[in-house]
Structure formats: structure tokens, C-alpha cells
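Q: model_31.cif is reproduced below (mmCIF, N, CA and C atoms).
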data_structure
#
loop_
_atom_site.label_atom_id
_atom_site.label_comp_id
_atom_site.auth_asym_id
_atom_site.auth_seq_id
_atom_site.Cartn_x
_atom_site.Cartn_y
_atom_site.Cartn_z
N MET A 1 93.10 117.16 100.54
CA MET A 1 93.58 117.31 99.19
C MET A 1 92.85 116.29 98.31
N SER A 2 92.52 116.65 97.08
CA SER A 2 91.79 115.73 96.22
C SER A 2 92.61 115.43 94.97
N PRO A 3 92.23 114.36 94.26
CA PRO A 3 92.96 114.00 93.05
C PRO A 3 92.93 115.12 92.01
N PHE A 4 93.81 115.00 91.01
CA PHE A 4 93.89 115.98 89.93
C PHE A 4 92.61 115.99 89.11
N ILE A 5 91.88 114.92 89.15
CA ILE A 5 90.71 114.74 88.30
C ILE A 5 89.44 115.02 89.08
N PRO A 6 88.37 115.37 88.38
CA PRO A 6 87.09 115.47 89.08
C PRO A 6 86.65 114.07 89.48
N SER A 7 85.69 113.98 90.36
CA SER A 7 85.25 112.65 90.80
C SER A 7 84.68 111.87 89.63
N LEU A 8 84.93 110.59 89.64
CA LEU A 8 84.41 109.71 88.60
C LEU A 8 82.96 109.35 88.93
N PRO A 9 82.14 109.14 87.91
CA PRO A 9 80.78 108.68 88.19
C PRO A 9 80.82 107.25 88.74
N PRO A 10 79.81 106.88 89.51
CA PRO A 10 79.81 105.55 90.14
C PRO A 10 80.06 104.40 89.17
N ARG A 11 79.48 104.46 87.98
CA ARG A 11 79.65 103.37 87.00
C ARG A 11 81.11 103.18 86.64
N LEU A 12 81.87 104.28 86.50
CA LEU A 12 83.28 104.16 86.14
C LEU A 12 84.14 103.74 87.33
N VAL A 13 83.76 104.15 88.53
CA VAL A 13 84.45 103.68 89.74
C VAL A 13 84.28 102.16 89.83
N GLN A 14 83.06 101.69 89.63
CA GLN A 14 82.78 100.25 89.67
C GLN A 14 83.57 99.51 88.60
N LEU A 15 83.56 100.03 87.38
CA LEU A 15 84.29 99.41 86.27
C LEU A 15 85.78 99.33 86.58
N GLY A 16 86.37 100.41 87.06
CA GLY A 16 87.80 100.41 87.37
C GLY A 16 88.16 99.38 88.42
N PHE A 17 87.41 99.37 89.51
CA PHE A 17 87.69 98.38 90.56
C PHE A 17 87.45 96.96 90.07
N ASP A 18 86.36 96.73 89.34
CA ASP A 18 86.09 95.38 88.84
C ASP A 18 87.21 94.89 87.94
N TYR A 19 87.71 95.78 87.08
CA TYR A 19 88.78 95.39 86.17
C TYR A 19 90.07 95.09 86.93
N VAL A 20 90.47 95.96 87.84
CA VAL A 20 91.69 95.74 88.61
C VAL A 20 91.57 94.46 89.44
N LEU A 21 90.42 94.24 90.05
CA LEU A 21 90.21 93.01 90.84
C LEU A 21 90.29 91.77 89.96
N ALA A 22 89.71 91.82 88.76
CA ALA A 22 89.75 90.66 87.86
C ALA A 22 91.17 90.38 87.39
N VAL A 23 91.91 91.42 87.04
CA VAL A 23 93.31 91.24 86.60
C VAL A 23 94.14 90.71 87.76
N GLU A 24 93.98 91.29 88.95
CA GLU A 24 94.74 90.86 90.12
C GLU A 24 94.47 89.40 90.46
N ALA A 25 93.22 88.98 90.33
CA ALA A 25 92.85 87.60 90.65
C ALA A 25 93.21 86.62 89.55
N GLY A 26 93.60 87.13 88.38
CA GLY A 26 93.89 86.25 87.26
C GLY A 26 92.64 85.66 86.65
N ASP A 27 91.50 86.32 86.85
CA ASP A 27 90.22 85.87 86.28
C ASP A 27 90.15 86.35 84.84
N ASP A 28 90.64 85.51 83.92
CA ASP A 28 90.77 85.92 82.53
C ASP A 28 89.46 86.26 81.85
N VAL A 29 88.40 85.51 82.13
CA VAL A 29 87.11 85.75 81.46
C VAL A 29 86.53 87.10 81.86
N PRO A 30 86.38 87.39 83.18
CA PRO A 30 85.87 88.72 83.53
C PRO A 30 86.82 89.85 83.09
N ALA A 31 88.13 89.62 83.20
CA ALA A 31 89.09 90.65 82.79
C ALA A 31 88.94 90.95 81.30
N ALA A 32 88.82 89.92 80.49
CA ALA A 32 88.66 90.11 79.04
C ALA A 32 87.34 90.82 78.73
N ARG A 33 86.28 90.46 79.43
CA ARG A 33 84.97 91.09 79.22
C ARG A 33 85.05 92.58 79.56
N LEU A 34 85.68 92.90 80.66
CA LEU A 34 85.79 94.29 81.10
C LEU A 34 86.82 95.07 80.29
N SER A 35 87.81 94.38 79.75
CA SER A 35 88.90 95.02 79.03
C SER A 35 88.41 95.84 77.85
N SER A 36 87.45 95.32 77.10
CA SER A 36 86.97 96.07 75.94
C SER A 36 86.34 97.39 76.36
N GLU A 37 85.60 97.38 77.45
CA GLU A 37 85.00 98.61 77.94
C GLU A 37 86.06 99.57 78.49
N VAL A 38 87.03 99.02 79.22
CA VAL A 38 88.12 99.85 79.77
C VAL A 38 88.92 100.49 78.64
N GLN A 39 89.18 99.73 77.58
CA GLN A 39 89.98 100.26 76.47
C GLN A 39 89.24 101.33 75.68
N GLN A 40 87.92 101.35 75.74
CA GLN A 40 87.15 102.41 75.08
C GLN A 40 87.23 103.72 75.86
N LEU A 41 87.71 103.65 77.09
CA LEU A 41 87.85 104.82 77.95
C LEU A 41 89.31 104.95 78.35
N PRO A 42 90.19 105.39 77.43
CA PRO A 42 91.63 105.36 77.69
C PRO A 42 92.09 106.15 78.91
N GLY A 43 91.33 107.11 79.36
CA GLY A 43 91.72 107.87 80.54
C GLY A 43 91.23 107.28 81.85
N LEU A 44 90.45 106.20 81.77
CA LEU A 44 89.86 105.64 82.98
C LEU A 44 90.90 105.12 83.96
N LEU A 45 91.80 104.26 83.53
CA LEU A 45 92.75 103.68 84.48
C LEU A 45 93.72 104.72 85.05
N PRO A 46 94.21 105.68 84.27
CA PRO A 46 95.01 106.73 84.90
C PRO A 46 94.20 107.52 85.94
N ALA A 47 92.96 107.83 85.63
CA ALA A 47 92.11 108.54 86.60
C ALA A 47 91.87 107.67 87.83
N PHE A 48 91.67 106.40 87.59
CA PHE A 48 91.45 105.45 88.67
C PHE A 48 92.69 105.35 89.55
N ALA A 49 93.87 105.33 88.92
CA ALA A 49 95.13 105.29 89.69
C ALA A 49 95.24 106.53 90.57
N GLU A 50 94.80 107.68 90.04
CA GLU A 50 94.85 108.90 90.84
C GLU A 50 93.97 108.78 92.09
N LEU A 51 92.81 108.15 91.94
CA LEU A 51 91.93 107.97 93.10
C LEU A 51 92.63 107.22 94.22
N ILE A 52 93.49 106.29 93.85
CA ILE A 52 94.13 105.42 94.84
C ILE A 52 95.47 105.99 95.30
N VAL A 53 96.27 106.49 94.38
CA VAL A 53 97.64 106.91 94.68
C VAL A 53 97.70 108.30 95.29
N PHE A 54 97.00 109.23 94.70
CA PHE A 54 97.12 110.64 95.10
C PHE A 54 96.86 110.87 96.59
N PRO A 55 95.79 110.32 97.17
CA PRO A 55 95.56 110.58 98.61
C PRO A 55 96.67 110.05 99.51
N VAL A 56 97.41 109.07 99.05
CA VAL A 56 98.45 108.46 99.87
C VAL A 56 99.78 109.21 99.75
N THR A 57 100.05 109.75 98.56
CA THR A 57 101.37 110.33 98.33
C THR A 57 101.40 111.86 98.35
N ALA A 58 100.28 112.51 98.13
CA ALA A 58 100.27 113.97 98.01
C ALA A 58 100.40 114.65 99.37
N LEU A 59 101.08 115.77 99.35
CA LEU A 59 101.17 116.58 100.57
C LEU A 59 99.79 117.13 100.89
N SER A 60 99.39 117.00 102.11
CA SER A 60 98.12 117.59 102.52
C SER A 60 98.39 118.97 103.10
N ASP A 61 97.33 119.73 103.23
CA ASP A 61 97.48 121.10 103.74
C ASP A 61 97.98 121.12 105.18
N ASP A 62 97.72 120.05 105.92
CA ASP A 62 98.13 120.04 107.33
C ASP A 62 99.45 119.29 107.57
N THR A 63 100.16 118.95 106.51
CA THR A 63 101.45 118.25 106.63
C THR A 63 102.55 119.25 106.98
N ASP A 64 103.34 118.90 107.96
CA ASP A 64 104.53 119.71 108.25
C ASP A 64 105.57 119.38 107.18
N PRO A 65 105.95 120.36 106.39
CA PRO A 65 106.88 120.08 105.30
C PRO A 65 108.22 119.53 105.80
N CYS A 66 108.65 118.46 105.18
CA CYS A 66 109.97 117.90 105.41
C CYS A 66 110.39 117.15 104.16
N ALA A 67 111.64 116.82 104.07
CA ALA A 67 112.17 116.18 102.86
C ALA A 67 111.46 114.88 102.54
N ASP A 68 111.12 114.08 103.55
CA ASP A 68 110.45 112.80 103.29
C ASP A 68 109.10 112.99 102.63
N PHE A 69 108.34 113.97 103.11
CA PHE A 69 107.03 114.21 102.53
C PHE A 69 107.14 114.75 101.10
N PHE A 70 108.11 115.62 100.86
CA PHE A 70 108.29 116.13 99.51
C PHE A 70 108.71 115.00 98.57
N ALA A 71 109.56 114.10 99.03
CA ALA A 71 109.99 112.96 98.22
C ALA A 71 108.81 112.06 97.91
N LEU A 72 107.98 111.78 98.91
CA LEU A 72 106.80 110.93 98.70
C LEU A 72 105.85 111.58 97.70
N ASP A 73 105.65 112.88 97.82
CA ASP A 73 104.80 113.61 96.90
C ASP A 73 105.33 113.49 95.47
N GLU A 74 106.63 113.67 95.30
CA GLU A 74 107.23 113.57 93.96
C GLU A 74 107.16 112.16 93.41
N VAL A 75 107.36 111.17 94.25
CA VAL A 75 107.24 109.77 93.80
C VAL A 75 105.82 109.52 93.28
N GLY A 76 104.83 110.01 94.00
CA GLY A 76 103.45 109.86 93.56
C GLY A 76 103.20 110.54 92.23
N VAL A 77 103.72 111.75 92.08
CA VAL A 77 103.55 112.49 90.82
C VAL A 77 104.21 111.73 89.67
N ILE A 78 105.43 111.27 89.88
CA ILE A 78 106.15 110.53 88.84
C ILE A 78 105.42 109.23 88.50
N TYR A 79 104.94 108.54 89.50
CA TYR A 79 104.18 107.30 89.31
C TYR A 79 102.96 107.56 88.43
N LEU A 80 102.21 108.60 88.77
CA LEU A 80 101.00 108.91 88.00
C LEU A 80 101.34 109.41 86.60
N MET A 81 102.43 110.17 86.46
CA MET A 81 102.85 110.62 85.13
C MET A 81 103.22 109.41 84.26
N ALA A 82 103.90 108.44 84.84
CA ALA A 82 104.27 107.24 84.08
C ALA A 82 103.04 106.48 83.63
N ILE A 83 102.06 106.37 84.51
CA ILE A 83 100.82 105.68 84.15
C ILE A 83 100.09 106.43 83.03
N HIS A 84 100.01 107.76 83.15
CA HIS A 84 99.38 108.55 82.10
C HIS A 84 100.12 108.38 80.77
N GLY A 85 101.44 108.43 80.81
CA GLY A 85 102.23 108.24 79.59
C GLY A 85 102.04 106.87 78.99
N TRP A 86 102.04 105.87 79.81
CA TRP A 86 101.84 104.49 79.37
C TRP A 86 100.48 104.36 78.70
N ALA A 87 99.44 104.90 79.31
CA ALA A 87 98.09 104.81 78.76
C ALA A 87 97.98 105.59 77.44
N THR A 88 98.71 106.69 77.32
CA THR A 88 98.66 107.50 76.11
C THR A 88 99.44 106.84 74.97
N ASP A 89 100.61 106.31 75.29
CA ASP A 89 101.48 105.75 74.26
C ASP A 89 101.05 104.38 73.76
N ALA A 90 100.43 103.58 74.60
CA ALA A 90 100.03 102.23 74.22
C ALA A 90 98.71 101.86 74.90
N PRO A 91 97.62 102.55 74.54
CA PRO A 91 96.38 102.38 75.30
C PRO A 91 95.87 100.94 75.38
N ALA A 92 95.91 100.20 74.30
CA ALA A 92 95.38 98.84 74.33
C ALA A 92 96.25 97.91 75.16
N ALA A 93 97.55 98.05 75.03
CA ALA A 93 98.46 97.17 75.76
C ALA A 93 98.63 97.58 77.21
N ALA A 94 98.37 98.84 77.53
CA ALA A 94 98.65 99.35 78.87
C ALA A 94 97.67 98.88 79.93
N ALA A 95 96.42 98.66 79.57
CA ALA A 95 95.38 98.40 80.57
C ALA A 95 95.73 97.29 81.56
N PRO A 96 96.12 96.09 81.12
CA PRO A 96 96.43 95.06 82.13
C PRO A 96 97.64 95.42 83.00
N GLY A 97 98.64 96.05 82.40
CA GLY A 97 99.82 96.45 83.17
C GLY A 97 99.50 97.52 84.19
N ILE A 98 98.67 98.48 83.82
CA ILE A 98 98.27 99.52 84.76
C ILE A 98 97.46 98.89 85.89
N ALA A 99 96.56 97.97 85.56
CA ALA A 99 95.76 97.29 86.59
C ALA A 99 96.67 96.54 87.56
N ARG A 100 97.67 95.82 87.04
CA ARG A 100 98.61 95.11 87.91
C ARG A 100 99.42 96.08 88.76
N THR A 101 99.79 97.22 88.19
CA THR A 101 100.55 98.24 88.92
C THR A 101 99.71 98.81 90.07
N ILE A 102 98.44 99.08 89.81
CA ILE A 102 97.54 99.58 90.85
C ILE A 102 97.39 98.53 91.95
N ALA A 103 97.22 97.27 91.56
CA ALA A 103 97.09 96.20 92.55
C ALA A 103 98.38 96.06 93.36
N HIS A 104 99.53 96.18 92.70
CA HIS A 104 100.81 96.08 93.41
C HIS A 104 100.96 97.23 94.41
N PHE A 105 100.65 98.45 93.98
CA PHE A 105 100.70 99.61 94.87
C PHE A 105 99.80 99.37 96.07
N THR A 106 98.61 98.88 95.82
CA THR A 106 97.66 98.60 96.90
C THR A 106 98.23 97.57 97.87
N GLY A 107 98.82 96.51 97.33
CA GLY A 107 99.38 95.45 98.18
C GLY A 107 100.57 95.91 99.00
N GLN A 108 101.42 96.74 98.40
CA GLN A 108 102.64 97.16 99.08
C GLN A 108 102.44 98.35 100.01
N ILE A 109 101.49 99.21 99.69
CA ILE A 109 101.35 100.46 100.44
C ILE A 109 100.08 100.50 101.29
N LEU A 110 98.98 100.01 100.78
CA LEU A 110 97.70 100.20 101.45
C LEU A 110 97.19 98.98 102.23
N ALA A 111 97.50 97.80 101.77
CA ALA A 111 97.01 96.59 102.44
C ALA A 111 97.81 96.34 103.72
N LYS A 112 97.15 95.80 104.71
CA LYS A 112 97.86 95.47 105.95
C LYS A 112 98.89 94.38 105.69
N GLN A 113 98.55 93.48 104.81
CA GLN A 113 99.47 92.42 104.38
C GLN A 113 99.35 92.33 102.86
N PRO A 114 100.46 92.11 102.15
CA PRO A 114 100.38 92.06 100.69
C PRO A 114 99.35 91.07 100.14
N GLN A 115 99.06 90.01 100.86
CA GLN A 115 98.08 89.04 100.37
C GLN A 115 96.63 89.53 100.55
N ASP A 116 96.45 90.68 101.20
CA ASP A 116 95.11 91.26 101.40
C ASP A 116 94.73 92.24 100.29
N VAL A 117 95.35 92.14 99.13
CA VAL A 117 95.11 93.09 98.05
C VAL A 117 93.63 93.11 97.66
N ALA A 118 93.05 91.95 97.40
CA ALA A 118 91.65 91.90 96.96
C ALA A 118 90.73 92.49 98.02
N ARG A 119 90.94 92.12 99.26
CA ARG A 119 90.10 92.64 100.34
C ARG A 119 90.25 94.16 100.46
N THR A 120 91.47 94.66 100.35
CA THR A 120 91.71 96.10 100.42
C THR A 120 91.06 96.81 99.24
N LEU A 121 91.21 96.27 98.03
CA LEU A 121 90.57 96.86 96.86
C LEU A 121 89.05 96.85 96.99
N GLN A 122 88.50 95.77 97.52
CA GLN A 122 87.04 95.71 97.71
C GLN A 122 86.57 96.76 98.71
N ALA A 123 87.31 96.94 99.79
CA ALA A 123 86.94 97.95 100.78
C ALA A 123 87.05 99.35 100.17
N MET A 124 88.10 99.59 99.39
CA MET A 124 88.24 100.89 98.73
C MET A 124 87.14 101.09 97.70
N ARG A 125 86.77 100.02 96.99
CA ARG A 125 85.67 100.12 96.02
C ARG A 125 84.40 100.60 96.71
N ASN A 126 84.08 99.98 97.85
CA ASN A 126 82.87 100.37 98.57
C ASN A 126 82.92 101.83 99.00
N GLU A 127 84.07 102.24 99.52
CA GLU A 127 84.25 103.63 99.97
C GLU A 127 84.15 104.62 98.81
N HIS A 128 84.84 104.32 97.71
CA HIS A 128 84.83 105.23 96.57
C HIS A 128 83.47 105.25 95.87
N LEU A 129 82.79 104.11 95.85
CA LEU A 129 81.43 104.10 95.27
C LEU A 129 80.49 104.97 96.08
N GLU A 130 80.60 104.88 97.39
CA GLU A 130 79.76 105.70 98.26
C GLU A 130 80.03 107.18 98.01
N ARG A 131 81.30 107.55 97.92
CA ARG A 131 81.66 108.95 97.65
C ARG A 131 81.16 109.40 96.27
N ALA A 132 81.35 108.54 95.27
CA ALA A 132 80.93 108.89 93.91
C ALA A 132 79.42 109.06 93.84
N ARG A 133 78.70 108.17 94.49
CA ARG A 133 77.23 108.29 94.49
C ARG A 133 76.80 109.59 95.16
N ALA A 134 77.44 109.89 96.28
CA ALA A 134 77.10 111.13 97.00
C ALA A 134 77.44 112.35 96.15
N ALA A 135 78.61 112.38 95.54
CA ALA A 135 79.03 113.53 94.73
C ALA A 135 78.13 113.71 93.52
N HIS A 136 77.75 112.60 92.90
CA HIS A 136 76.95 112.70 91.69
C HIS A 136 75.47 112.92 91.99
N SER A 137 75.01 112.53 93.18
CA SER A 137 73.63 112.85 93.53
C SER A 137 73.50 114.34 93.84
N VAL A 138 74.53 114.91 94.47
CA VAL A 138 74.54 116.36 94.74
C VAL A 138 74.64 117.13 93.43
N ALA A 139 75.51 116.67 92.53
CA ALA A 139 75.67 117.34 91.24
C ALA A 139 74.38 117.28 90.44
N GLY A 140 73.69 116.14 90.49
CA GLY A 140 72.43 116.00 89.78
C GLY A 140 71.34 116.87 90.36
N ALA A 141 71.35 117.06 91.67
CA ALA A 141 70.36 117.89 92.33
C ALA A 141 70.57 119.37 92.05
N ASN A 142 71.82 119.74 91.73
CA ASN A 142 72.14 121.14 91.46
C ASN A 142 71.88 121.56 90.01
N ARG A 143 71.46 120.64 89.20
CA ARG A 143 71.23 120.98 87.78
C ARG A 143 69.90 121.63 87.59
#
Could you write out this structure as C-alpha cells?

A:
Amino acid sequence: MSPFIPSLPPRLVQLGFDYVLAVEAGDDVPAARLSSEVQQLPGLLPAFAELIVFPVTALSDDTDPCADFFALDEVGVIYLMAIHGWATDAPAAAAPGIARTIAHFTGQILAKQPQDVARTLQAMRNEHLERARAAHSVAGANR
């Protein structure tokens, strides 16, 4: 199963991860530098959240349906809807909060230990960059 959005180009995958990592680390200078670019792309962080949240919460085609899986799927949908709403209603103010929310989700759900957030985000960045490069090189070759 894939996210609701088409794949992001490598530059935007890199930007999203760099921004979330900077906010998570409390690196104010890089976060502020990246913030202006992130705010010019109001749909970036919601799309970025989908890259991270959707594969974890969405029902896959090979999932045996049960109440727990349906609940997890709905929680993911509601989570992403809230992020989209937040980004739409307050785009300038939402970016740091969305970045912290993505980092928190990563720490609580994806990292082996909550303190491994940066390492987990870095590993996901590498994986998603590789996928984005592959998807966009194929798309470029088909033009």
C-alpha cells in the first residue's frame, strides 16, 4: 500500500527530513534556515507525514481484517487529517509543531527506543531518498 500522495522528489524528501531532524534536535539556526523554504511549500510537511505514518498505520492488502487493524488504520487517517488541517489553517505556525509531531510519532512507534529518534529519522531519510531517486529517475526516463 502506498501513501495518498505521489512520491516526493528527492530534494523535497531531503528538505522534509532535514527540517524535522533540525527541529527535533533543537538546532535553531538550521531549523530557521529551512523553515522559510518549508513554509513556501505548505503541503510539504503533511505529505512528508504521510510518507512516515501511512505505511505504519494503513491496512495492507495482505492484512487479515480485525478490529485492531481497522482501529489503527483509522487512527492513522485521523492523525494525517489533523496534520493536513493544521497546515491549512495555520501554515506558518504549523511547521514546527508538525515537525515535532512527526518526530514524536517516530520515537514512539518506529524507533527501537524513544531516544533513537534522530538515528531512526536518518535511516528513514536514506531509505526514502533512495526510493525517491529511483522513482524520479524512472519517471524522467519515461518522458

Q: Report, in Å with one decimal, the straight-line distance from CA of Leu59 in chain A to CA of Leu72 in chain A.

A: 8.2 Å

Q: For a quick check of understanding, using only C-alpha atoms, which of A:Ala71, A:Met81, A:Ala135, A:Ala103 has the smallest distance to Thr120 in chain A?

A: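 Once distances to Thr120 in chain A are computed over only C-alpha atoms, the minimum belongs to A:Ala103.
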
Q: Mind listing the alpha helix (DSSP H) residues of range 1-133 of chain A, per DSSP on the backbone, as a ChimeraX atom specification?

A: /A:10-25,28-39,44-57,67-89,91-105,117-133

Q: How far is it from CA of Leu110 in chain A to CA of Arg125 in chain A, in Å with one decimal?

A: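 CA of Leu110 in chain A sits 13.2 Å away from CA of Arg125 in chain A.
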
Q: Of the candidates A:Gln108, A:Gln115, A:Ala47, A:Arg100, which shows the shortest atom-to-atom distance to Ile83 in chain A, using only N, CA and C atoms?

A: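 Among the listed residues, A:Ala47 lies closest to Ile83 in chain A.
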
Q: Find the residues around Gln122 in chain A up to 8 Å (only N, CA and C atoms counted), leave out those fewer than 5 positions away in its own chain, and share them as a ChimeraX atom specification.

A: /A:17,21,116-117,127-128
